[in-house]
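Notes follow the structure.
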Amino acid sequence: MYAQMVDTGVSKVQDVAQMTPEERAFQDRIDADVKVEPKDWMPEAYRRTLIRQIQQHAHSEIVGMLPEGNWITRAPSLQRKATLMAKVQDEGGHGLYLYCAAETLGVSRDAMIADLHAGRVKYSSIFNYPTLTWADIGTIGWLVDGAAIMNQIPLCRCSYGPYARAMIRVCKEESFHQRQGYDIMLALCRGTPEQKAMAQDALNRWWWPSLMMFGPPDAASVHSAQSARWKIKLLSNDELRQRFVDQTVPQADYLGLAVPDDRLAWNAERGHYDFGEIDWQEFHEVIKGNGPCNRERMQTRIKAWEDGAWVREAALAHAEKHAARERHAA
Amino acid sequence: MDDDPQLFDYMLRLADNGIVLAQRLGEWVGKGPALEEDIALTNVGLDLLGQGRMWLAYAREIEARYAPPGRGEDALAFLRDGGEFRNLLLVEQPNGNYADTMARQFLFDQWHLMLLGALAGSKDARIAAIAAKAAKEVRYHLERSADWMIRLGDGTELSHRRAQDAVDALWVYTGEMFSVDAIERGLVAAGVAADAASLRDPWRSAVAAVFDEASLAMPGDGWMQGASGRGGKQGIHTEHLGHMLAEMQIVARSHPGARW
Ligand SMILES: [Fe+2]
Ligand SMILES: [Fe+2]
Ligand SMILES: [Fe+2]
């Protein structure tokens, strides 16, 4: 979801018979739930896939700061402003942990940022949608952080140690975010008719993009199968999406909001909600760069990076001069 | 107490510095020169916002005493016009580049820490307690902003020039920090407020020490904006505040009476 389409670089799931002894020993350890640590031997494809996945996740946290940061200066109460600032700051922290986790695999943060800016690595499609009203901040907390938790709780058990540990820290904070988002929605839905309408409008716009966060149906995906084998993806996209719908619909009911899906219905036989068809064309267009905010998001990130270059250079130059002076004094 | 309206005004001066500077720092979120900086700036903004809210809480109690029932926190933050804001001109200045932001922060932090130190000895126990709590946070703000002045001043030719330009441009707003008007004079005499004038010399030496290490020149003390009793503390602001408040207050004002 924050890593919606991770290419594993393989065209079919590797058979045990094709594995080298090293690869077989590696797979055995994974099957036995032994965590892989940075210094351990690992297949190149595993390393590359993880770098891609963690990187996508990290970039999503960082780009995700923008749509919500958009409302910090307009938050309607000081309490909400403080909570939102703290939330967006947490997302920056998540980005940091994740960049650090990816660095343990031998890729630098600067290289990852260059990949993002050059469009070589994606971030979650959800952050390419605009935040148009204050209710969008509530909806993002409720749905987007909610979907993030759904995806990331299983990742706390993933095979790569540093990633699993980062996810444990991240998940604690994401559940705060979700509660805060839902609390914004509650206040709106118990508020004036205009506030309630604002909440409904936000749900209408964010519902389907939230379902897309889990990625395309993975029945046929060779990448998902290989990732499952490596235990860096523990539940399928569709499984996670279903869990999300099942969890969220009663929450919408409690708010008195209508989920914008005519086909949404409880299926007693399955014990799950049935829901309508996702517009996969929209999803692929957004991934390709044609979402409403793709260009703006990237421009903002690149501008921040480029505008900050002289500051980073100054800090580096000072550190070098300082070290040289210390050497001189010694 | 007889001087409640004056005390209320003084509390707004303290509260509005925090709220307005936090609003400025909030504009940086997601756009900092490095992820660590982004996070640290937000931290400072959150502290200042929290302090602003503590001062505001006390201001509300005071207002309720002489003009019951008084206004709520959000009425004070979102329904006052620019002329009713009491912050220093310095803190409402635009973010500019990172040197502008850091110079604004440093010049303010250095004063802020000294002010809070003085307020920690206030005869008003509430003021003393809030000041002592805030000072712990501001000590860290100052450490960071002083460090950045040194890094930028000492770093590259470009960063040096930008830091010097920033300091030179903001200097005219520093005099206001040490001006004492009739409101403050009365409260100082009562042992409640800090005597801002007495902070000028220690502030100058502390700033000079950092600039020395940063190889930045101390600007000359010419005319100071707002220092003559007609500045931010009296509600006479620069043009920047109105735009800031237009953005900050838009949602709250568009839905009169709504709760969020
Ligand atoms: Fe996050
Ligand atoms: Fe996340
Ligand atoms: Fe979050």
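Following the order of the structure tokens, first chain is A, next is B, and so on, with residues numbered from 1 inside each chain and ligands from 1 in the order they appear.
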Exercise for review: Select all residues from chain B having any atom no more than 9 Å from an atom of chain A (counting only C-alpha atoms, ignoring ligands), output as number ranges by chain.
Suggested key: B: 19, 23-24, 26-36, 38-40, 42-43, 45-46, 49-50, 53, 73-74, 77-78, 97-99, 148, 150-160, 244, 247-253, 255, 257-260
Point to revise | Backbone-only DSSP, alpha helix (DSSP H) members of stretch 58-143 of chain B, as a PyMOL selection string | key: chain B and resi 58-66+73-78+89-92+98-119+125-143
For ligand 3, collect every residue having any atom at a distance of at most 8 Å from a ligand atom (counting only C-alpha atoms and all ligand atoms); output as a PDB file with N, CA, C and O atoms, in the first residue's frame.
```pdb
ATOM      1  N   GLU A  61       5.950   8.379   3.291  1.00  0.00           N
ATOM      2  CA  GLU A  61       5.851   9.137   4.548  1.00  0.00           C
ATOM      3  C   GLU A  61       6.219  10.605   4.302  1.00  0.00           C
ATOM      4  O   GLU A  61       5.559  11.510   4.806  1.00  0.00           O
ATOM      5  N   LYS A  87       1.469  15.384  14.242  1.00  0.00           N
ATOM      6  CA  LYS A  87       1.252  14.241  13.369  1.00  0.00           C
ATOM      7  C   LYS A  87       2.168  14.292  12.162  1.00  0.00           C
ATOM      8  O   LYS A  87       2.836  13.320  11.816  1.00  0.00           O
ATOM      9  N   VAL A  88       2.210  15.443  11.522  1.00  0.00           N
ATOM     10  CA  VAL A  88       3.034  15.553  10.315  1.00  0.00           C
ATOM     11  C   VAL A  88       4.507  15.360  10.689  1.00  0.00           C
ATOM     12  O   VAL A  88       5.275  14.756   9.941  1.00  0.00           O
ATOM     13  N   ASP A  90       5.534  13.414  13.084  1.00  0.00           N
ATOM     14  CA  ASP A  90       5.682  11.954  13.218  1.00  0.00           C
ATOM     15  C   ASP A  90       5.949  11.316  11.866  1.00  0.00           C
ATOM     16  O   ASP A  90       6.776  10.405  11.748  1.00  0.00           O
ATOM     17  N   GLU A  91       5.239  11.762  10.837  1.00  0.00           N
ATOM     18  CA  GLU A  91       5.415  11.155   9.514  1.00  0.00           C
ATOM     19  C   GLU A  91       6.859  11.376   9.032  1.00  0.00           C
ATOM     20  O   GLU A  91       7.470  10.487   8.441  1.00  0.00           O
ATOM     21  N   GLY A 141      -6.594  10.998   8.352  1.00  0.00           N
ATOM     22  CA  GLY A 141      -6.221  10.308   9.584  1.00  0.00           C
ATOM     23  C   GLY A 141      -7.011   9.014   9.732  1.00  0.00           C
ATOM     24  O   GLY A 141      -6.462   7.947  10.005  1.00  0.00           O
ATOM     25  N   VAL A 144      -6.592   6.921   5.709  1.00  0.00           N
ATOM     26  CA  VAL A 144      -5.243   6.669   5.178  1.00  0.00           C
ATOM     27  C   VAL A 144      -4.335   6.093   6.264  1.00  0.00           C
ATOM     28  O   VAL A 144      -3.646   5.095   6.045  1.00  0.00           O
ATOM     29  N   ASP A 145      -4.358   6.693   7.435  1.00  0.00           N
ATOM     30  CA  ASP A 145      -3.576   6.090   8.522  1.00  0.00           C
ATOM     31  C   ASP A 145      -4.177   4.746   8.905  1.00  0.00           C
ATOM     32  O   ASP A 145      -3.457   3.816   9.275  1.00  0.00           O
ATOM     33  N   ALA A 148      -2.900   2.362   6.491  1.00  0.00           N
ATOM     34  CA  ALA A 148      -1.471   2.161   6.749  1.00  0.00           C
ATOM     35  C   ALA A 148      -1.281   1.143   7.873  1.00  0.00           C
ATOM     36  O   ALA A 148      -0.458   0.228   7.767  1.00  0.00           O
ATOM     37  N   GLU A 173       2.522   4.898  16.472  1.00  0.00           N
ATOM     38  CA  GLU A 173       2.147   6.279  16.188  1.00  0.00           C
ATOM     39  C   GLU A 173       0.986   6.356  15.208  1.00  0.00           C
ATOM     40  O   GLU A 173       0.113   7.218  15.330  1.00  0.00           O
ATOM     41  N   GLU A 174       0.967   5.435  14.241  1.00  0.00           N
ATOM     42  CA  GLU A 174      -0.120   5.473  13.257  1.00  0.00           C
ATOM     43  C   GLU A 174      -1.474   5.272  13.937  1.00  0.00           C
ATOM     44  O   GLU A 174      -2.480   5.828  13.504  1.00  0.00           O
ATOM     45  N   SER A 175      -1.507   4.476  14.999  1.00  0.00           N
ATOM     46  CA  SER A 175      -2.819   4.275  15.604  1.00  0.00           C
ATOM     47  C   SER A 175      -3.281   5.535  16.341  1.00  0.00           C
ATOM     48  O   SER A 175      -4.478   5.817  16.375  1.00  0.00           O
ATOM     49  N   PHE A 176      -2.347   6.317  16.865  1.00  0.00           N
ATOM     50  CA  PHE A 176      -2.724   7.638  17.396  1.00  0.00           C
ATOM     51  C   PHE A 176      -3.323   8.498  16.285  1.00  0.00           C
ATOM     52  O   PHE A 176      -4.335   9.155  16.466  1.00  0.00           O
ATOM     53  N   HIS A 177      -2.624   8.484  15.149  1.00  0.00           N
ATOM     54  CA  HIS A 177      -3.066   9.321  14.038  1.00  0.00           C
ATOM     55  C   HIS A 177      -4.480   8.957  13.622  1.00  0.00           C
ATOM     56  O   HIS A 177      -5.294   9.808  13.311  1.00  0.00           O
ATOM     57  N   GLN A 178      -4.728   7.654  13.601  1.00  0.00           N
ATOM     58  CA  GLN A 178      -6.045   7.236  13.159  1.00  0.00           C
ATOM     59  C   GLN A 178      -7.119   7.695  14.127  1.00  0.00           C
ATOM     60  O   GLN A 178      -8.164   8.197  13.731  1.00  0.00           O
TER      61      GLN A 178
END
```
Point to revise | Spatial neighbours of B:Arg71, max dist 7 Å, only C-alpha atoms, sep filter under 4 positions, as a ChimeraX atom specification | key: /B:60,75-76
Point to revise | Non-local contacts of B:Tyr10 (9 Å; only C-alpha atoms; under 3 positions in same chain excluded) as a ChimeraX atom specification | key: /B:5-7,13-15,59,86,183-184,187,193,233
I need the residues from that last selection saved to file as a short mmCIF file (atom, residue, chain, number, x, y, z; two decimals), in the first residue's frame (with all heavy atoms), if you can.
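So selection_34.cif came out as:
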```cif
data_model
loop_
_atom_site.label_atom_id
_atom_site.label_comp_id
_atom_site.auth_asym_id
_atom_site.auth_seq_id
_atom_site.Cartn_x
_atom_site.Cartn_y
_atom_site.Cartn_z
N PRO B 5 -6.76 44.50 33.51
CA PRO B 5 -6.72 44.73 32.06
C PRO B 5 -5.28 44.84 31.54
O PRO B 5 -4.97 44.36 30.45
CB PRO B 5 -7.46 46.06 31.89
CG PRO B 5 -8.35 46.15 33.10
CD PRO B 5 -7.59 45.50 34.21
N GLN B 6 -4.40 45.44 32.34
CA GLN B 6 -3.00 45.57 31.92
C GLN B 6 -2.33 44.18 31.93
O GLN B 6 -1.57 43.84 31.04
CB GLN B 6 -2.23 46.51 32.86
CG GLN B 6 -2.57 47.98 32.70
CD GLN B 6 -3.92 48.34 33.32
OE1 GLN B 6 -4.40 47.68 34.24
NE2 GLN B 6 -4.55 49.38 32.79
N LEU B 7 -2.64 43.42 32.94
CA LEU B 7 -2.05 42.09 33.05
C LEU B 7 -2.53 41.20 31.89
O LEU B 7 -1.76 40.44 31.32
CB LEU B 7 -2.45 41.46 34.40
CG LEU B 7 -1.72 40.16 34.77
CD1 LEU B 7 -0.20 40.34 34.77
CD2 LEU B 7 -2.18 39.67 36.15
N ARG B 13 0.74 39.60 25.06
CA ARG B 13 2.06 39.84 24.44
C ARG B 13 2.87 38.55 24.44
O ARG B 13 3.50 38.20 23.45
CB ARG B 13 2.80 40.95 25.20
CG ARG B 13 2.12 42.29 25.07
CD ARG B 13 2.84 43.40 25.83
NE ARG B 13 2.06 44.64 25.69
CZ ARG B 13 2.48 45.85 26.06
NH1 ARG B 13 3.68 45.99 26.61
NH2 ARG B 13 1.72 46.90 25.87
N LEU B 14 2.83 37.86 25.58
CA LEU B 14 3.60 36.62 25.68
C LEU B 14 2.96 35.53 24.82
O LEU B 14 3.65 34.80 24.09
CB LEU B 14 3.67 36.17 27.14
CG LEU B 14 4.39 37.16 28.09
CD1 LEU B 14 4.17 36.76 29.55
CD2 LEU B 14 5.87 37.23 27.78
N ALA B 15 1.66 35.42 24.90
CA ALA B 15 0.95 34.35 24.17
C ALA B 15 1.10 34.54 22.65
O ALA B 15 1.38 33.59 21.92
CB ALA B 15 -0.53 34.37 24.53
N ALA B 59 -4.33 34.24 30.51
CA ALA B 59 -4.98 35.47 30.04
C ALA B 59 -6.50 35.34 30.15
O ALA B 59 -7.19 36.28 30.57
CB ALA B 59 -4.59 35.75 28.59
N ARG B 86 -0.76 41.21 19.98
CA ARG B 86 0.22 41.92 20.80
C ARG B 86 1.65 41.37 20.64
O ARG B 86 2.50 41.64 21.48
CB ARG B 86 -0.20 41.83 22.27
CG ARG B 86 -1.48 42.58 22.60
CD ARG B 86 -1.25 44.08 22.52
NE ARG B 86 -2.45 44.85 22.84
CZ ARG B 86 -3.25 45.38 21.91
NH1 ARG B 86 -2.98 45.21 20.62
NH2 ARG B 86 -4.31 46.08 22.26
N ILE B 183 2.10 50.18 30.25
CA ILE B 183 1.53 48.92 30.76
C ILE B 183 2.60 48.10 31.46
O ILE B 183 2.43 47.64 32.59
CB ILE B 183 0.90 48.13 29.59
CG1 ILE B 183 -0.38 48.83 29.13
CG2 ILE B 183 0.62 46.70 30.00
CD1 ILE B 183 -1.07 48.16 27.96
N GLU B 184 3.72 47.95 30.79
CA GLU B 184 4.78 47.13 31.38
C GLU B 184 5.40 47.82 32.59
O GLU B 184 5.75 47.16 33.58
CB GLU B 184 5.85 46.80 30.33
CG GLU B 184 5.34 45.79 29.31
CD GLU B 184 6.41 45.22 28.38
OE1 GLU B 184 7.61 45.28 28.73
OE2 GLU B 184 6.04 44.73 27.30
N LEU B 187 3.44 47.07 35.65
CA LEU B 187 3.54 45.67 36.07
C LEU B 187 4.94 45.34 36.59
O LEU B 187 5.10 44.50 37.46
CB LEU B 187 3.17 44.74 34.90
CG LEU B 187 1.70 44.82 34.45
CD1 LEU B 187 1.51 44.08 33.13
CD2 LEU B 187 0.77 44.25 35.52
N ALA B 193 5.79 41.77 36.02
CA ALA B 193 6.38 41.64 34.69
C ALA B 193 7.91 41.74 34.77
O ALA B 193 8.45 42.14 35.80
CB ALA B 193 5.84 42.73 33.77
N LYS B 233 3.51 45.35 20.21
CA LYS B 233 2.97 45.21 21.56
C LYS B 233 1.76 46.12 21.78
O LYS B 233 0.96 45.92 22.69
CB LYS B 233 4.05 45.52 22.60
CG LYS B 233 5.20 44.52 22.53
CD LYS B 233 5.99 44.46 23.83
CE LYS B 233 6.98 45.59 23.96
NZ LYS B 233 7.88 45.37 25.13
#
```
Review point. Can you list, as an NGL selection string, every protein, DNA or RNA residue that comes within 9 Å of stretch 134-141 of chain B when you count only C-alpha atoms, leaving out same-chain residues fewer than 4 positions away?
Key: :B and (44 or 47-48 or 50-51 or 105-106 or 109-110 or 112-117 or 120 or 129-130 or 145-146)
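Atom CA of A:His59 is found 20.9 Å from atom CA of A:Thr139.
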Review point. Expressed in Å to a single decimal, how great is the separation between atom CA of A:Phe127 and atom CA of A:Arg109?
Key: 20.9 Å
Practice item. Write out as an MDAnalysis selection string each polymer residue whose atoms come within 12 Å of B:Ala64, counting only C-alpha atoms; drop sequence neighbours fewer than 6 positions from it. Key: chainID B and resid 1 4:5 8 57:58 70:72
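Restricting the calculation to only C-alpha atoms, the smallest distance between A:Met5 and any of A:Met212, A:Ala114, A:Leu132, A:Leu98 is found for A:Met212.
Of the listed residues (A:Ile113, A:His94, A:Ser124, A:Phe214), A:His94 comes nearest to ligand 1; the distances count only C-alpha atoms and all ligand atoms.
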Practice item. For A:Asn237, list every protein, DNA or RNA residue within 8 Å, evaluated using only C-alpha atoms, and leave out those in the same chain fewer than 5 positions away; present the list as number ranges by chain. Key: A: 1, 214-218
